[in-house]
file start.cif (mmCIF, C-alpha atoms)
data_structure
loop_
_atom_site.group_PDB
_atom_site.id
_atom_site.type_symbol
_atom_site.label_atom_id
_atom_site.label_comp_id
_atom_site.auth_asym_id
_atom_site.auth_seq_id
_atom_site.Cartn_x
_atom_site.Cartn_y
_atom_site.Cartn_z
ATOM 1 C CA MET A 24 -3.239 20.796 -0.422
ATOM 2 C CA PHE A 25 -1.632 17.361 -0.600
ATOM 3 C CA ASP A 26 -1.212 15.363 -3.786
ATOM 4 C CA LEU A 27 -1.655 12.192 -1.747
ATOM 5 C CA ILE A 28 -2.860 11.261 1.719
ATOM 6 C CA THR A 29 -2.727 7.618 2.778
ATOM 7 C CA ILE A 30 -4.249 6.109 5.908
ATOM 8 C CA GLY A 31 -3.438 2.904 7.763
ATOM 9 C CA ARG A 32 -0.585 0.746 8.932
ATOM 10 C CA CYS A 33 2.865 1.868 9.948
ATOM 11 C CA GLY A 34 5.577 0.199 11.955
ATOM 12 C CA VAL A 35 9.046 -1.270 11.908
ATOM 13 C CA ASP A 36 10.049 -3.978 9.445
ATOM 14 C CA ILE A 37 12.774 -6.254 10.787
ATOM 15 C CA TYR A 38 14.236 -8.004 7.759
ATOM 16 C CA PRO A 39 16.850 -10.775 7.853
ATOM 17 C CA LEU A 40 20.161 -9.941 6.296
ATOM 18 C CA GLN A 41 20.587 -13.585 5.356
ATOM 19 C CA THR A 42 18.266 -14.829 2.635
ATOM 20 C CA GLY A 43 17.157 -18.336 1.819
ATOM 21 C CA VAL A 44 17.076 -19.447 5.478
ATOM 22 C CA GLY A 45 14.308 -19.469 8.076
ATOM 23 C CA LEU A 46 14.128 -17.035 10.975
ATOM 24 C CA ALA A 47 15.336 -19.726 13.369
ATOM 25 C CA HIS A 48 18.707 -19.614 11.624
ATOM 26 C CA VAL A 49 19.032 -15.886 10.927
ATOM 27 C CA GLU A 50 21.666 -14.102 13.014
ATOM 28 C CA THR A 51 21.514 -10.477 11.792
ATOM 29 C CA PHE A 52 18.643 -8.210 10.866
ATOM 30 C CA GLY A 53 18.074 -4.753 9.405
ATOM 31 C CA LYS A 54 15.511 -2.220 10.659
ATOM 32 C CA PHE A 55 13.328 -0.470 8.074
ATOM 33 C CA LEU A 56 10.213 1.682 7.934
ATOM 34 C CA GLY A 57 7.165 -0.445 7.188
ATOM 35 C CA GLY A 58 3.408 -0.552 6.766
ATOM 36 C CA SER A 59 1.889 -0.579 3.286
ATOM 37 C CA PRO A 60 0.105 2.828 3.316
ATOM 38 C CA THR A 61 3.203 4.450 4.796
ATOM 39 C CA ASN A 62 5.389 2.914 2.110
ATOM 40 C CA VAL A 63 3.000 4.135 -0.608
ATOM 41 C CA ALA A 64 3.322 7.683 0.743
ATOM 42 C CA VAL A 65 7.111 7.328 0.670
ATOM 43 C CA ALA A 66 7.013 5.973 -2.874
ATOM 44 C CA ALA A 67 4.892 8.923 -4.017
ATOM 45 C CA ALA A 68 7.204 11.407 -2.309
ATOM 46 C CA ARG A 69 10.141 9.938 -4.235
ATOM 47 C CA HIS A 70 8.303 10.983 -7.405
ATOM 48 C CA GLY A 71 7.960 14.536 -6.147
ATOM 49 C CA LEU A 72 4.381 14.342 -4.880
ATOM 50 C CA ARG A 73 3.469 16.115 -1.653
ATOM 51 C CA SER A 74 2.330 13.219 0.496
ATOM 52 C CA ALA A 75 1.213 12.588 4.059
ATOM 53 C CA VAL A 76 0.178 9.521 6.046
ATOM 54 C CA VAL A 77 -2.615 9.287 8.614
ATOM 55 C CA THR A 78 -1.559 6.700 11.166
ATOM 56 C CA ALA A 79 -0.442 6.263 14.771
ATOM 57 C CA VAL A 80 2.484 4.863 16.727
ATOM 58 C CA GLY A 81 3.090 3.818 20.300
ATOM 59 C CA ALA A 82 4.725 6.040 22.917
ATOM 60 C CA ASP A 83 7.961 4.075 22.674
ATOM 61 C CA PRO A 84 11.384 4.367 21.008
ATOM 62 C CA PHE A 85 10.209 2.566 17.872
ATOM 63 C CA GLY A 86 7.364 5.075 17.565
ATOM 64 C CA ALA A 87 9.788 7.977 17.761
ATOM 65 C CA TRP A 88 11.979 6.307 15.141
ATOM 66 C CA VAL A 89 9.010 5.754 12.787
ATOM 67 C CA ARG A 90 8.112 9.450 12.979
ATOM 68 C CA GLN A 91 11.710 10.403 12.241
ATOM 69 C CA ALA A 92 11.883 7.962 9.334
ATOM 70 C CA ILE A 93 8.622 9.242 7.806
ATOM 71 C CA ARG A 94 9.934 12.806 7.878
ATOM 72 C CA GLY A 95 13.295 11.675 6.550
ATOM 73 C CA PHE A 96 11.627 10.286 3.444
ATOM 74 C CA GLY A 97 9.925 13.610 2.754
ATOM 75 C CA VAL A 98 6.461 12.554 3.931
ATOM 76 C CA ASP A 99 4.470 14.904 6.181
ATOM 77 C CA ASP A 100 3.972 13.392 9.654
ATOM 78 C CA ALA A 101 1.472 16.001 10.897
ATOM 79 C CA PHE A 102 -1.274 13.357 10.947
ATOM 80 C CA VAL A 103 0.711 10.712 12.844
ATOM 81 C CA GLY A 104 -0.754 10.250 16.329
ATOM 82 C CA THR A 105 0.814 8.696 19.421
ATOM 83 C CA PHE A 106 -1.028 6.387 21.818
ATOM 84 C CA ASP A 107 0.059 5.291 25.266
ATOM 85 C CA GLY A 108 -0.215 1.586 25.902
ATOM 86 C CA PRO A 109 0.033 -0.508 22.739
ATOM 87 C CA PRO A 110 3.547 -0.668 21.277
ATOM 88 C CA THR A 111 4.497 0.355 17.779
ATOM 89 C CA PRO A 112 4.004 -2.750 15.590
ATOM 90 C CA VAL A 113 6.956 -4.803 14.446
ATOM 91 C CA THR A 114 6.919 -7.119 11.430
ATOM 92 C CA PHE A 115 9.356 -9.902 10.602
ATOM 93 C CA CYS A 116 9.680 -11.715 7.307
ATOM 94 C CA GLU A 117 11.570 -14.589 5.770
ATOM 95 C CA ILE A 118 13.178 -14.190 2.365
ATOM 96 C CA PHE A 119 13.172 -17.092 -0.049
ATOM 97 C CA PRO A 120 13.604 -15.593 -3.535
ATOM 98 C CA PRO A 121 12.092 -15.442 -6.049
ATOM 99 C CA ASP A 122 8.537 -15.826 -4.778
ATOM 100 C CA HIS A 123 8.251 -16.936 -1.137
ATOM 101 C CA PHE A 124 8.295 -14.209 1.532
ATOM 102 C CA PRO A 125 6.363 -15.248 4.665
ATOM 103 C CA ILE A 126 5.333 -12.351 6.933
ATOM 104 C CA TYR A 127 4.953 -12.448 10.719
ATOM 105 C CA PHE A 128 3.000 -9.537 12.229
ATOM 106 C CA TYR A 129 3.613 -8.568 15.857
ATOM 107 C CA ARG A 130 0.763 -6.076 16.194
ATOM 108 C CA GLY A 131 -0.920 -7.140 19.435
ATOM 109 C CA GLU A 132 -4.680 -7.141 19.903
ATOM 110 C CA HIS A 133 -5.247 -3.473 19.104
ATOM 111 C CA PRO A 134 -2.256 -1.649 17.572
ATOM 112 C CA PRO A 135 -2.033 2.144 17.448
ATOM 113 C CA ASP A 136 -2.928 2.498 13.758
ATOM 114 C CA LEU A 137 -6.268 0.746 14.371
ATOM 115 C CA ARG A 138 -7.085 3.166 17.208
ATOM 116 C CA LEU A 139 -7.653 6.112 14.879
ATOM 117 C CA THR A 140 -11.057 7.730 15.454
ATOM 118 C CA PRO A 141 -13.191 10.022 13.280
ATOM 119 C CA GLU A 142 -12.389 12.858 15.687
ATOM 120 C CA SER A 143 -8.643 12.382 15.172
ATOM 121 C CA LEU A 144 -8.830 13.070 11.422
ATOM 122 C CA ASP A 145 -8.217 16.301 9.552
ATOM 123 C CA LEU A 146 -11.212 15.867 7.263
ATOM 124 C CA THR A 147 -10.495 19.101 5.410
ATOM 125 C CA ALA A 148 -7.056 17.875 4.344
ATOM 126 C CA ILE A 149 -8.500 14.485 3.387
ATOM 127 C CA ARG A 150 -11.288 16.123 1.390
ATOM 128 C CA GLU A 151 -8.887 18.343 -0.550
ATOM 129 C CA ALA A 152 -6.172 15.785 -1.331
ATOM 130 C CA SER A 153 -5.839 14.948 -5.009
ATOM 131 C CA VAL A 154 -5.588 11.253 -4.103
ATOM 132 C CA PHE A 155 -6.763 9.516 -0.936
ATOM 133 C CA TRP A 156 -5.425 5.966 -0.460
ATOM 134 C CA PHE A 157 -6.894 3.506 2.039
ATOM 135 C CA THR A 158 -6.476 -0.220 2.654
ATOM 136 C CA GLY A 159 -8.578 -3.194 3.580
ATOM 137 C CA THR A 160 -6.620 -3.727 6.789
ATOM 138 C CA GLY A 161 -7.785 -0.354 8.094
ATOM 139 C CA LEU A 162 -11.354 -1.672 7.997
ATOM 140 C CA SER A 163 -10.585 -4.724 10.112
ATOM 141 C CA ARG A 164 -11.357 -3.246 13.524
ATOM 142 C CA GLU A 165 -13.020 -0.365 15.322
ATOM 143 C CA PRO A 166 -12.561 2.536 15.825
ATOM 144 C CA SER A 167 -10.394 2.537 12.685
ATOM 145 C CA ARG A 168 -13.346 1.269 10.643
ATOM 146 C CA SER A 169 -15.431 4.283 11.676
ATOM 147 C CA ALA A 170 -12.514 6.633 11.038
ATOM 148 C CA HIS A 171 -12.231 5.271 7.500
ATOM 149 C CA ALA A 172 -15.971 5.699 6.999
ATOM 150 C CA ALA A 173 -15.741 9.351 8.070
ATOM 151 C CA ALA A 174 -12.789 9.943 5.739
ATOM 152 C CA LEU A 175 -14.583 8.348 2.794
ATOM 153 C CA GLU A 176 -17.727 10.354 3.438
ATOM 154 C CA ALA A 177 -15.603 13.517 3.371
ATOM 155 C CA ARG A 178 -14.289 12.806 -0.121
ATOM 156 C CA THR A 179 -16.125 14.821 -2.768
ATOM 157 C CA SER A 180 -13.545 15.085 -5.571
ATOM 158 C CA GLY A 181 -10.210 13.726 -6.731
ATOM 159 C CA TRP A 182 -9.245 10.051 -6.762
ATOM 160 C CA THR A 183 -10.056 7.662 -3.916
ATOM 161 C CA VAL A 184 -7.983 4.495 -4.183
ATOM 162 C CA PHE A 185 -8.881 1.278 -2.356
ATOM 163 C CA ASP A 186 -5.868 -0.996 -1.849
ATOM 164 C CA LEU A 187 -7.740 -4.232 -1.115
ATOM 165 C CA ASP A 188 -4.776 -5.417 1.029
ATOM 166 C CA TYR A 189 -6.306 -8.585 2.505
ATOM 167 C CA ARG A 190 -4.216 -9.996 5.367
ATOM 168 C CA PRO A 191 -6.184 -12.990 6.758
ATOM 169 C CA THR A 192 -4.422 -13.033 10.138
ATOM 170 C CA LEU A 193 -5.537 -9.450 10.836
ATOM 171 C CA TRP A 194 -9.267 -10.186 10.427
ATOM 172 C CA GLU A 195 -11.694 -12.067 12.658
ATOM 173 C CA SER A 196 -13.004 -14.017 9.669
ATOM 174 C CA PRO A 197 -13.111 -13.952 5.852
ATOM 175 C CA GLU A 198 -16.859 -13.276 6.057
ATOM 176 C CA ILE A 199 -16.373 -10.042 7.990
ATOM 177 C CA ALA A 200 -13.581 -8.994 5.641
ATOM 178 C CA ARG A 201 -15.799 -9.657 2.620
ATOM 179 C CA ARG A 202 -18.656 -7.621 4.095
ATOM 180 C CA GLU A 203 -16.528 -4.597 4.977
ATOM 181 C CA VAL A 204 -14.539 -4.622 1.742
ATOM 182 C CA ARG A 205 -17.662 -4.778 -0.408
ATOM 183 C CA HIS A 206 -19.247 -1.935 1.519
ATOM 184 C CA ALA A 207 -16.143 0.249 1.116
ATOM 185 C CA LEU A 208 -16.035 -0.346 -2.646
ATOM 186 C CA GLY A 209 -18.982 2.001 -2.950
ATOM 187 C CA HIS A 210 -16.788 4.900 -1.836
ATOM 188 C CA ALA A 211 -13.783 4.346 -4.124
ATOM 189 C CA ASP A 212 -12.855 5.244 -7.700
ATOM 190 C CA VAL A 213 -9.896 2.884 -8.074
ATOM 191 C CA ALA A 214 -9.416 -0.622 -6.697
ATOM 192 C CA VAL A 215 -6.053 -2.408 -6.609
ATOM 193 C CA GLY A 216 -5.572 -6.013 -5.545
ATOM 194 C CA ASN A 217 -3.945 -9.362 -6.195
ATOM 195 C CA LEU A 218 -5.935 -12.497 -6.994
ATOM 196 C CA ASP A 219 -6.569 -13.377 -3.331
ATOM 197 C CA GLU A 220 -7.730 -9.846 -2.624
ATOM 198 C CA VAL A 221 -10.073 -9.495 -5.575
ATOM 199 C CA GLU A 222 -11.614 -12.827 -4.667
ATOM 200 C CA ILE A 223 -12.541 -11.434 -1.254
ATOM 201 C CA ALA A 224 -13.867 -8.279 -2.877
ATOM 202 C CA VAL A 225 -15.896 -9.664 -5.774
ATOM 203 C CA GLY A 226 -15.914 -13.446 -5.396
ATOM 204 C CA THR A 227 -13.727 -14.503 -8.326
ATOM 205 C CA ARG A 228 -10.034 -15.072 -8.993
ATOM 206 C CA ASP A 229 -10.403 -14.809 -12.752
ATOM 207 C CA PRO A 230 -8.627 -11.529 -13.607
ATOM 208 C CA GLU A 231 -10.971 -10.452 -16.406
ATOM 209 C CA GLU A 232 -14.093 -11.324 -14.446
ATOM 210 C CA ALA A 233 -12.731 -9.606 -11.331
ATOM 211 C CA ALA A 234 -11.864 -6.430 -13.223
ATOM 212 C CA GLN A 235 -15.332 -6.324 -14.764
ATOM 213 C CA ALA A 236 -16.957 -6.924 -11.376
ATOM 214 C CA LEU A 237 -14.963 -4.057 -9.879
ATOM 215 C CA LEU A 238 -16.059 -1.763 -12.705
ATOM 216 C CA ASP A 239 -19.647 -2.900 -12.141
ATOM 217 C CA ALA A 240 -19.217 -1.999 -8.465
ATOM 218 C CA GLY A 241 -18.476 1.602 -9.461
ATOM 219 C CA MET A 242 -14.729 1.699 -10.005
ATOM 220 C CA LYS A 243 -13.413 4.023 -12.682
ATOM 221 C CA VAL A 244 -10.163 2.009 -12.710
ATOM 222 C CA ALA A 245 -9.716 -1.658 -11.773
ATOM 223 C CA VAL A 246 -6.199 -3.032 -11.293
ATOM 224 C CA VAL A 247 -5.675 -6.776 -10.829
ATOM 225 C CA LYS A 248 -2.178 -8.018 -10.049
ATOM 226 C CA MET A 249 -1.663 -11.438 -11.615
ATOM 227 C CA GLY A 250 1.710 -12.408 -10.140
ATOM 228 C CA PRO A 251 3.993 -13.921 -12.801
ATOM 229 C CA ASP A 252 1.430 -13.005 -15.482
ATOM 230 C CA GLY A 253 1.809 -9.269 -14.865
ATOM 231 C CA VAL A 254 -0.897 -6.700 -14.193
ATOM 232 C CA LEU A 255 -4.330 -6.251 -15.747
ATOM 233 C CA ALA A 256 -5.905 -2.784 -15.635
ATOM 234 C CA ARG A 257 -9.245 -1.701 -17.022
ATOM 235 C CA THR A 258 -11.473 1.303 -17.293
ATOM 236 C CA LYS A 259 -14.796 1.491 -19.103
ATOM 237 C CA ASP A 260 -12.947 2.106 -22.377
ATOM 238 C CA GLU A 261 -9.375 0.885 -21.827
ATOM 239 C CA HIS A 262 -7.787 -2.530 -21.354
ATOM 240 C CA VAL A 263 -4.095 -2.950 -20.480
ATOM 241 C CA VAL A 264 -2.011 -6.003 -19.638
ATOM 242 C CA ALA A 265 1.476 -5.072 -18.458
ATOM 243 C CA GLU A 266 3.941 -7.953 -18.553
ATOM 244 C CA PRO A 267 6.380 -8.422 -15.655
ATOM 245 C CA VAL A 268 9.586 -6.400 -15.874
ATOM 246 C CA PRO A 269 12.487 -8.894 -15.705
ATOM 247 C CA VAL A 270 14.684 -8.407 -12.638
ATOM 248 C CA GLU A 271 16.523 -10.706 -10.250
ATOM 249 C CA VAL A 272 14.106 -10.759 -7.320
ATOM 250 C CA VAL A 273 15.602 -10.217 -3.864
ATOM 251 C CA ASN A 274 12.485 -9.393 -1.801
ATOM 252 C CA GLY A 275 9.043 -8.988 -3.326
ATOM 253 C CA LEU A 276 7.347 -7.485 -0.275
ATOM 254 C CA GLY A 277 7.740 -3.795 -1.175
ATOM 255 C CA ALA A 278 6.945 -4.104 -4.868
ATOM 256 C CA GLY A 279 3.223 -3.495 -4.433
ATOM 257 C CA ASP A 280 3.824 -0.311 -2.449
ATOM 258 C CA ALA A 281 6.198 1.023 -5.098
ATOM 259 C CA PHE A 282 3.525 0.182 -7.672
ATOM 260 C CA GLY A 283 1.028 2.151 -5.561
ATOM 261 C CA GLY A 284 3.134 5.287 -5.294
ATOM 262 C CA ALA A 285 3.781 5.244 -9.033
ATOM 263 C CA LEU A 286 0.080 4.673 -9.728
ATOM 264 C CA CYS A 287 -0.682 7.786 -7.693
ATOM 265 C CA LEU A 288 1.803 9.748 -9.798
ATOM 266 C CA GLY A 289 -0.026 8.718 -12.947
ATOM 267 C CA LEU A 290 -3.393 9.653 -11.461
ATOM 268 C CA VAL A 291 -2.181 13.075 -10.309
ATOM 269 C CA ARG A 292 -0.462 13.820 -13.616
ATOM 270 C CA GLY A 293 -3.403 12.604 -15.680
ATOM 271 C CA TRP A 294 -1.384 10.010 -17.595
ATOM 272 C CA PRO A 295 -3.109 7.491 -19.899
ATOM 273 C CA LEU A 296 -3.840 4.139 -18.264
ATOM 274 C CA GLU A 297 -1.222 2.191 -20.226
ATOM 275 C CA ARG A 298 1.577 4.617 -19.412
ATOM 276 C CA THR A 299 0.560 4.642 -15.735
ATOM 277 C CA VAL A 300 0.383 0.878 -15.339
ATOM 278 C CA ARG A 301 3.608 0.133 -17.183
ATOM 279 C CA PHE A 302 5.431 2.802 -15.171
ATOM 280 C CA ALA A 303 3.995 1.426 -11.912
ATOM 281 C CA ASN A 304 4.956 -2.105 -12.905
ATOM 282 C CA ALA A 305 8.553 -1.012 -13.458
ATOM 283 C CA ALA A 306 8.593 0.797 -10.098
ATOM 284 C CA GLY A 307 7.521 -2.412 -8.406
ATOM 285 C CA ALA A 308 10.227 -4.376 -10.196
ATOM 286 C CA HIS A 309 12.862 -1.877 -9.038
ATOM 287 C CA VAL A 310 11.988 -2.541 -5.394
ATOM 288 C CA ALA A 311 11.623 -6.312 -5.856
ATOM 289 C CA ALA A 312 15.299 -6.368 -6.821
ATOM 290 C CA ARG A 313 16.260 -4.891 -3.423
ATOM 291 C CA LEU A 314 16.019 -5.964 0.213
ATOM 292 C CA SER A 315 14.136 -3.090 1.825
ATOM 293 C CA CYS A 316 10.802 -1.429 1.093
ATOM 294 C CA ALA A 317 10.685 2.286 1.924
ATOM 295 C CA ASP A 318 14.438 2.743 1.556
ATOM 296 C CA ALA A 319 14.366 1.216 -1.920
ATOM 297 C CA MET A 320 11.555 3.310 -3.418
ATOM 298 C CA PRO A 321 12.754 4.633 -6.801
ATOM 299 C CA SER A 322 12.778 8.131 -8.212
ATOM 300 C CA THR A 323 10.977 8.826 -11.469
ATOM 301 C CA ASP A 324 14.290 8.823 -13.331
ATOM 302 C CA GLU A 325 15.215 5.419 -11.894
ATOM 303 C CA VAL A 326 11.921 3.925 -13.068
ATOM 304 C CA LEU A 327 12.353 5.412 -16.531
ATOM 305 C CA ALA A 328 15.879 4.017 -16.639
ATOM 306 C CA LEU A 329 14.575 0.523 -15.875
ATOM 307 C CA GLN A 330 11.944 0.893 -18.598
ATOM 308 C CA THR A 331 14.392 2.115 -21.221
ATOM 309 C CA GLY A 332 17.574 0.375 -20.128
ATOM 310 C CA VAL A 333 19.349 3.743 -19.992
ATOM 311 C CA ARG A 334 20.867 4.822 -16.688
ATOM 312 C CA PRO A 335 19.789 8.296 -15.455
#
call {"tool": "encode", "arguments": {"input": "start.cif", "output": "structure tokens"}}
result
Amino acid sequence: MFDLITIGRCGVDIYPLQTGVGLAHVETFGKFLGGSPTNVAVAAARHGLRSAVVTAVGADPFGAWVRQAIRGFGVDDAFVGTFDGPPTPVTFCEIFPPDHFPIYFYRGEHPPDLRLTPESLDLTAIREASVFWFTGTGLSREPSRSAHAAALEARTSGWTVFDLDYRPTLWESPEIARREVRHALGHADVAVGNLDEVEIAVGTRDPEEAAQALLDAGMKVAVVKMGPDGVLARTKDEHVVAEPVPVEVVNGLGAGDAFGGALCLGLVRGWPLERTVRFANAAGAHVAARLSCADAMPSTDEVLALQTGVRP
């Protein structure tokens, strides 16, 4: 049985090794494992959780490298499919610290990770996982949408976490995104999103109102990321606001995935909400102070060291 199974995007992140300049002027790049659900699985594995990712790659050299990288980070790749035809997605970004990181997706019309079908899933493994993590992007197109529906129907226990993950360029329209996200909320226990994402989900950017709306929609835990104002988390009985952890930001793109992996640790271990959210916030800060995403995911000791100021 897995502690965590994630489903959704994977690919290759091509990050500039020069920061503060646009892609037109960048001369050297680094290659890193990418895709939010894949990074969350890596982040959880760094904390000692047994994690796997359900995704797919193209039958190309980048696809082979992604599989190798997933295994290298201690994540099970048994549920990673390979499709002929569409290439493994590549993503570029620009890095303008502290808070501007434009993303450019090269995913084609129908990338491999959106070609997952209900028949391609190991529903027994998904059913038995302690935590199942899915994203809004996985709902953006068929047959992935139907595969997600089958996975969610299979869940009968444990935690099901909905990373709202709204990427406008990957949807046909905001209206379709809103419809699919709101439908999927009925199958989750935990929702995690920034202000743009909760607005799509529940129609408001006000953090308190959004958290309450998510609880009203059936969430046991609602997590609203408020940017420079920190993170708000609520349950029926608990209310936590975790202030930002001060670091010198290098690249903020992987911080949310580090937060996600640490959140899963707290859920699996049964930690109180405040401990979980503050730990996850520190994990995100650790990665924000580094260039890469998956490669920078911290161990538990590294997060604790950032929280306490004491090196492990």
call {"tool": "residues_around", "arguments": {"input": "start.cif", "residues": "stretch 288-290 of chain A", "least_positions_apart": "4", "cutoff": "7 Å", "atoms": "all atoms listed in the file", "output": "VMD selection string"}}
result
chain A and resid 67 284 294 299
call {"tool": "atom_distance", "arguments": {"input": "start.cif", "atom1": "atom CA of A:Ala79", "atom2": "atom CA of A:Ala308"}}
result
29.2 Å
call {"tool": "residues_around", "arguments": {"input": "start.cif", "residues": "A:Pro191", "least_positions_apart": "5", "cutoff": "12 Å", "atoms": "only C-alpha atoms", "output": "PyMOL selection string"}}
result
chain A and resi 126-128+159-160+163+196-201+219-220+223
call {"tool": "resolve_selection", "arguments": {"input": "start.cif", "expression": "the PyMOL selection byres ((chain A and resi 218) around 10)", "output": "list of chain:residue names"}}
result
A:Gly216, A:Asn217, A:Asp219, A:Glu220, A:Val221, A:Glu222, A:Ile223, A:Ala224, A:Thr227, A:Arg228, A:Asp229, A:Pro230, A:Ala233, A:Val247, A:Lys248, A:Met249, A:Gly250
call {"tool": "resolve_selection", "arguments": {"input": "start.cif", "expression": "the PyMOL selection byres ((chain A and resi 297) around 10)", "output": "number ranges by chain"}}
result
A: 256-257, 261-265, 289, 294-296, 298-303
call {"tool": "residues_around", "arguments": {"input": "start.cif", "residues": "stretch 105-122 of chain A", "least_positions_apart": "5", "cutoff": "6 Å", "atoms": "all atoms listed in the file", "output": "list in words"}}
result
Gly34, Val35, Asp36, Ile37, Tyr38, Thr42, Gly43, Ala79, Val80, Gly81, Ala82, Gly86, Tyr127, Phe128, Tyr129, Arg130, Pro134, Val272 and Val273 of chain A
call {"tool": "residues_near_point", "arguments": {"input": "start.cif", "point": "(3.3, 8.1, -9.3)", "cutoff": "12 Å", "atoms": "only C-alpha atoms", "output": "VMD selection string"}}
result
chain A and resid 26 to 27 63 to 74 154 280 to 294 298 to 307 320 to 324 326 to 327
call {"tool": "residues_around", "arguments": {"input": "start.cif", "residues": "A:Ile28", "least_positions_apart": "2", "cutoff": "9 Å", "atoms": "only C-alpha atoms", "output": "PyMOL selection string"}}
result
chain A and resi 25-26+30+64+73-77+148-149+152-157
call {"tool": "residues_around", "arguments": {"input": "start.cif", "residues": "A:Arg32", "least_positions_apart": "4", "cutoff": "9 Å", "atoms": "only C-alpha atoms", "output": "list of chain:residue names"}}
result
A:Gly57, A:Gly58, A:Ser59, A:Pro60, A:Thr61, A:Val77, A:Thr78, A:Ala79, A:Pro112, A:Pro135, A:Asp136, A:Leu137, A:Thr158, A:Thr160, A:Gly161
call {"tool": "resolve_selection", "arguments": {"input": "start.cif", "expression": "the PyMOL selection byres ((chain A and resi 277) around 7)", "output": "compact mmCIF listing (two decimals) with C-alpha atoms, in the frame of the given file"}}
result
# COMPACT_ATOMS: atom_id res chain seq x y z
CA GLY A 275 9.04 -8.99 -3.33
CA LEU A 276 7.35 -7.48 -0.28
CA ALA A 278 6.94 -4.10 -4.87
CA GLY A 279 3.22 -3.50 -4.43
CA ASP A 280 3.82 -0.31 -2.45
CA ALA A 281 6.20 1.02 -5.10
CA VAL A 310 11.99 -2.54 -5.39
CA ALA A 311 11.62 -6.31 -5.86
CA CYS A 316 10.80 -1.43 1.09
call {"tool": "closest_residue", "arguments": {"input": "start.cif", "among": "A:Glu203, A:Glu231, A:Asp188, A:Asp145", "to": "A:Ala173", "atoms": "all atoms listed in the file"}}
result
A:Asp145
call {"tool": "atom_distance", "arguments": {"input": "start.cif", "atom1": "atom CA of A:Leu237", "atom2": "atom CA of A:Trp194"}}
result
22.0 Å
call {"tool": "atom_distance", "arguments": {"input": "start.cif", "atom1": "atom CA of A:Val270", "atom2": "atom CA of A:Pro125"}}
result
20.4 Å
call {"tool": "axis_aligned_box", "arguments": {"input": "start.cif", "around": "stretch 122-132 of chain A", "padding_each_side": "8 Å", "output": "lines of an AutoDock Vina configuration file"}}
result
center_x = 1.9
center_y = -11.5
center_z = 7.6
size_x = 29.2
size_y = 26.9
size_z = 40.7
call {"tool": "closest_residue", "arguments": {"input": "start.cif", "among": "A:Val268, A:Leu314, A:Leu162, A:Val89", "to": "A:Thr331", "atoms": "all atoms listed in the file"}}
result
A:Val268
call {"tool": "closest_residue", "arguments": {"input": "start.cif", "among": "A:Lys243, A:Lys54, A:Arg205, A:His171", "to": "A:Leu187", "atoms": "all atoms listed in the file"}}
result
A:Arg205
call {"tool": "decode", "arguments": {"input": "start.cif", "residues": "stretch 131-143 of chain A", "atoms": "N, CA and C atoms", "output": "PDB file, in the first residue's frame"}}
result
ATOM      1  N   GLY A 131       1.606  20.654 -26.613  1.00  0.00           N
ATOM      2  CA  GLY A 131       0.877  20.186 -27.783  1.00  0.00           C
ATOM      3  C   GLY A 131      -0.623  20.156 -27.512  1.00  0.00           C
ATOM      4  N   GLU A 132      -1.367  19.622 -28.467  1.00  0.00           N
ATOM      5  CA  GLU A 132      -2.822  19.590 -28.355  1.00  0.00           C
ATOM      6  C   GLU A 132      -3.313  18.536 -27.366  1.00  0.00           C
ATOM      7  N   HIS A 133      -2.568  17.435 -27.256  1.00  0.00           N
ATOM      8  CA  HIS A 133      -3.068  16.330 -26.424  1.00  0.00           C
ATOM      9  C   HIS A 133      -1.880  15.557 -25.860  1.00  0.00           C
ATOM     10  N   PRO A 134      -1.253  16.070 -24.812  1.00  0.00           N
ATOM     11  CA  PRO A 134      -0.024  15.461 -24.280  1.00  0.00           C
ATOM     12  C   PRO A 134      -0.295  14.100 -23.652  1.00  0.00           C
ATOM     13  N   PRO A 135       0.752  13.319 -23.452  1.00  0.00           N
ATOM     14  CA  PRO A 135       0.574  11.962 -22.919  1.00  0.00           C
ATOM     15  C   PRO A 135      -0.181  11.901 -21.603  1.00  0.00           C
ATOM     16  N   ASP A 136       0.096  12.818 -20.672  1.00  0.00           N
ATOM     17  CA  ASP A 136      -0.541  12.703 -19.348  1.00  0.00           C
ATOM     18  C   ASP A 136      -2.037  12.970 -19.384  1.00  0.00           C
ATOM     19  N   LEU A 137      -2.542  13.571 -20.469  1.00  0.00           N
ATOM     20  CA  LEU A 137      -3.990  13.756 -20.613  1.00  0.00           C
ATOM     21  C   LEU A 137      -4.628  12.646 -21.447  1.00  0.00           C
ATOM     22  N   ARG A 138      -3.839  11.629 -21.797  1.00  0.00           N
ATOM     23  CA  ARG A 138      -4.353  10.477 -22.533  1.00  0.00           C
ATOM     24  C   ARG A 138      -4.628   9.282 -21.624  1.00  0.00           C
ATOM     25  N   LEU A 139      -4.457   9.450 -20.330  1.00  0.00           N
ATOM     26  CA  LEU A 139      -4.784   8.384 -19.392  1.00  0.00           C
ATOM     27  C   LEU A 139      -6.265   8.032 -19.514  1.00  0.00           C
ATOM     28  N   THR A 140      -6.582   6.745 -19.438  1.00  0.00           N
ATOM     29  CA  THR A 140      -7.955   6.274 -19.525  1.00  0.00           C
ATOM     30  C   THR A 140      -8.322   5.533 -18.242  1.00  0.00           C
ATOM     31  N   PRO A 141      -9.615   5.355 -17.971  1.00  0.00           N
ATOM     32  CA  PRO A 141      -9.995   4.561 -16.798  1.00  0.00           C
ATOM     33  C   PRO A 141      -9.381   3.170 -16.813  1.00  0.00           C
ATOM     34  N   GLU A 142      -9.273   2.582 -17.995  1.00  0.00           N
ATOM     35  CA  GLU A 142      -8.740   1.221 -18.120  1.00  0.00           C
ATOM     36  C   GLU A 142      -7.255   1.151 -17.809  1.00  0.00           C
ATOM     37  N   SER A 143      -6.553   2.279 -17.895  1.00  0.00           N
ATOM     38  CA  SER A 143      -5.108   2.279 -17.660  1.00  0.00           C
ATOM     39  C   SER A 143      -4.752   2.395 -16.179  1.00  0.00           C
TER      40      SER A 143
END
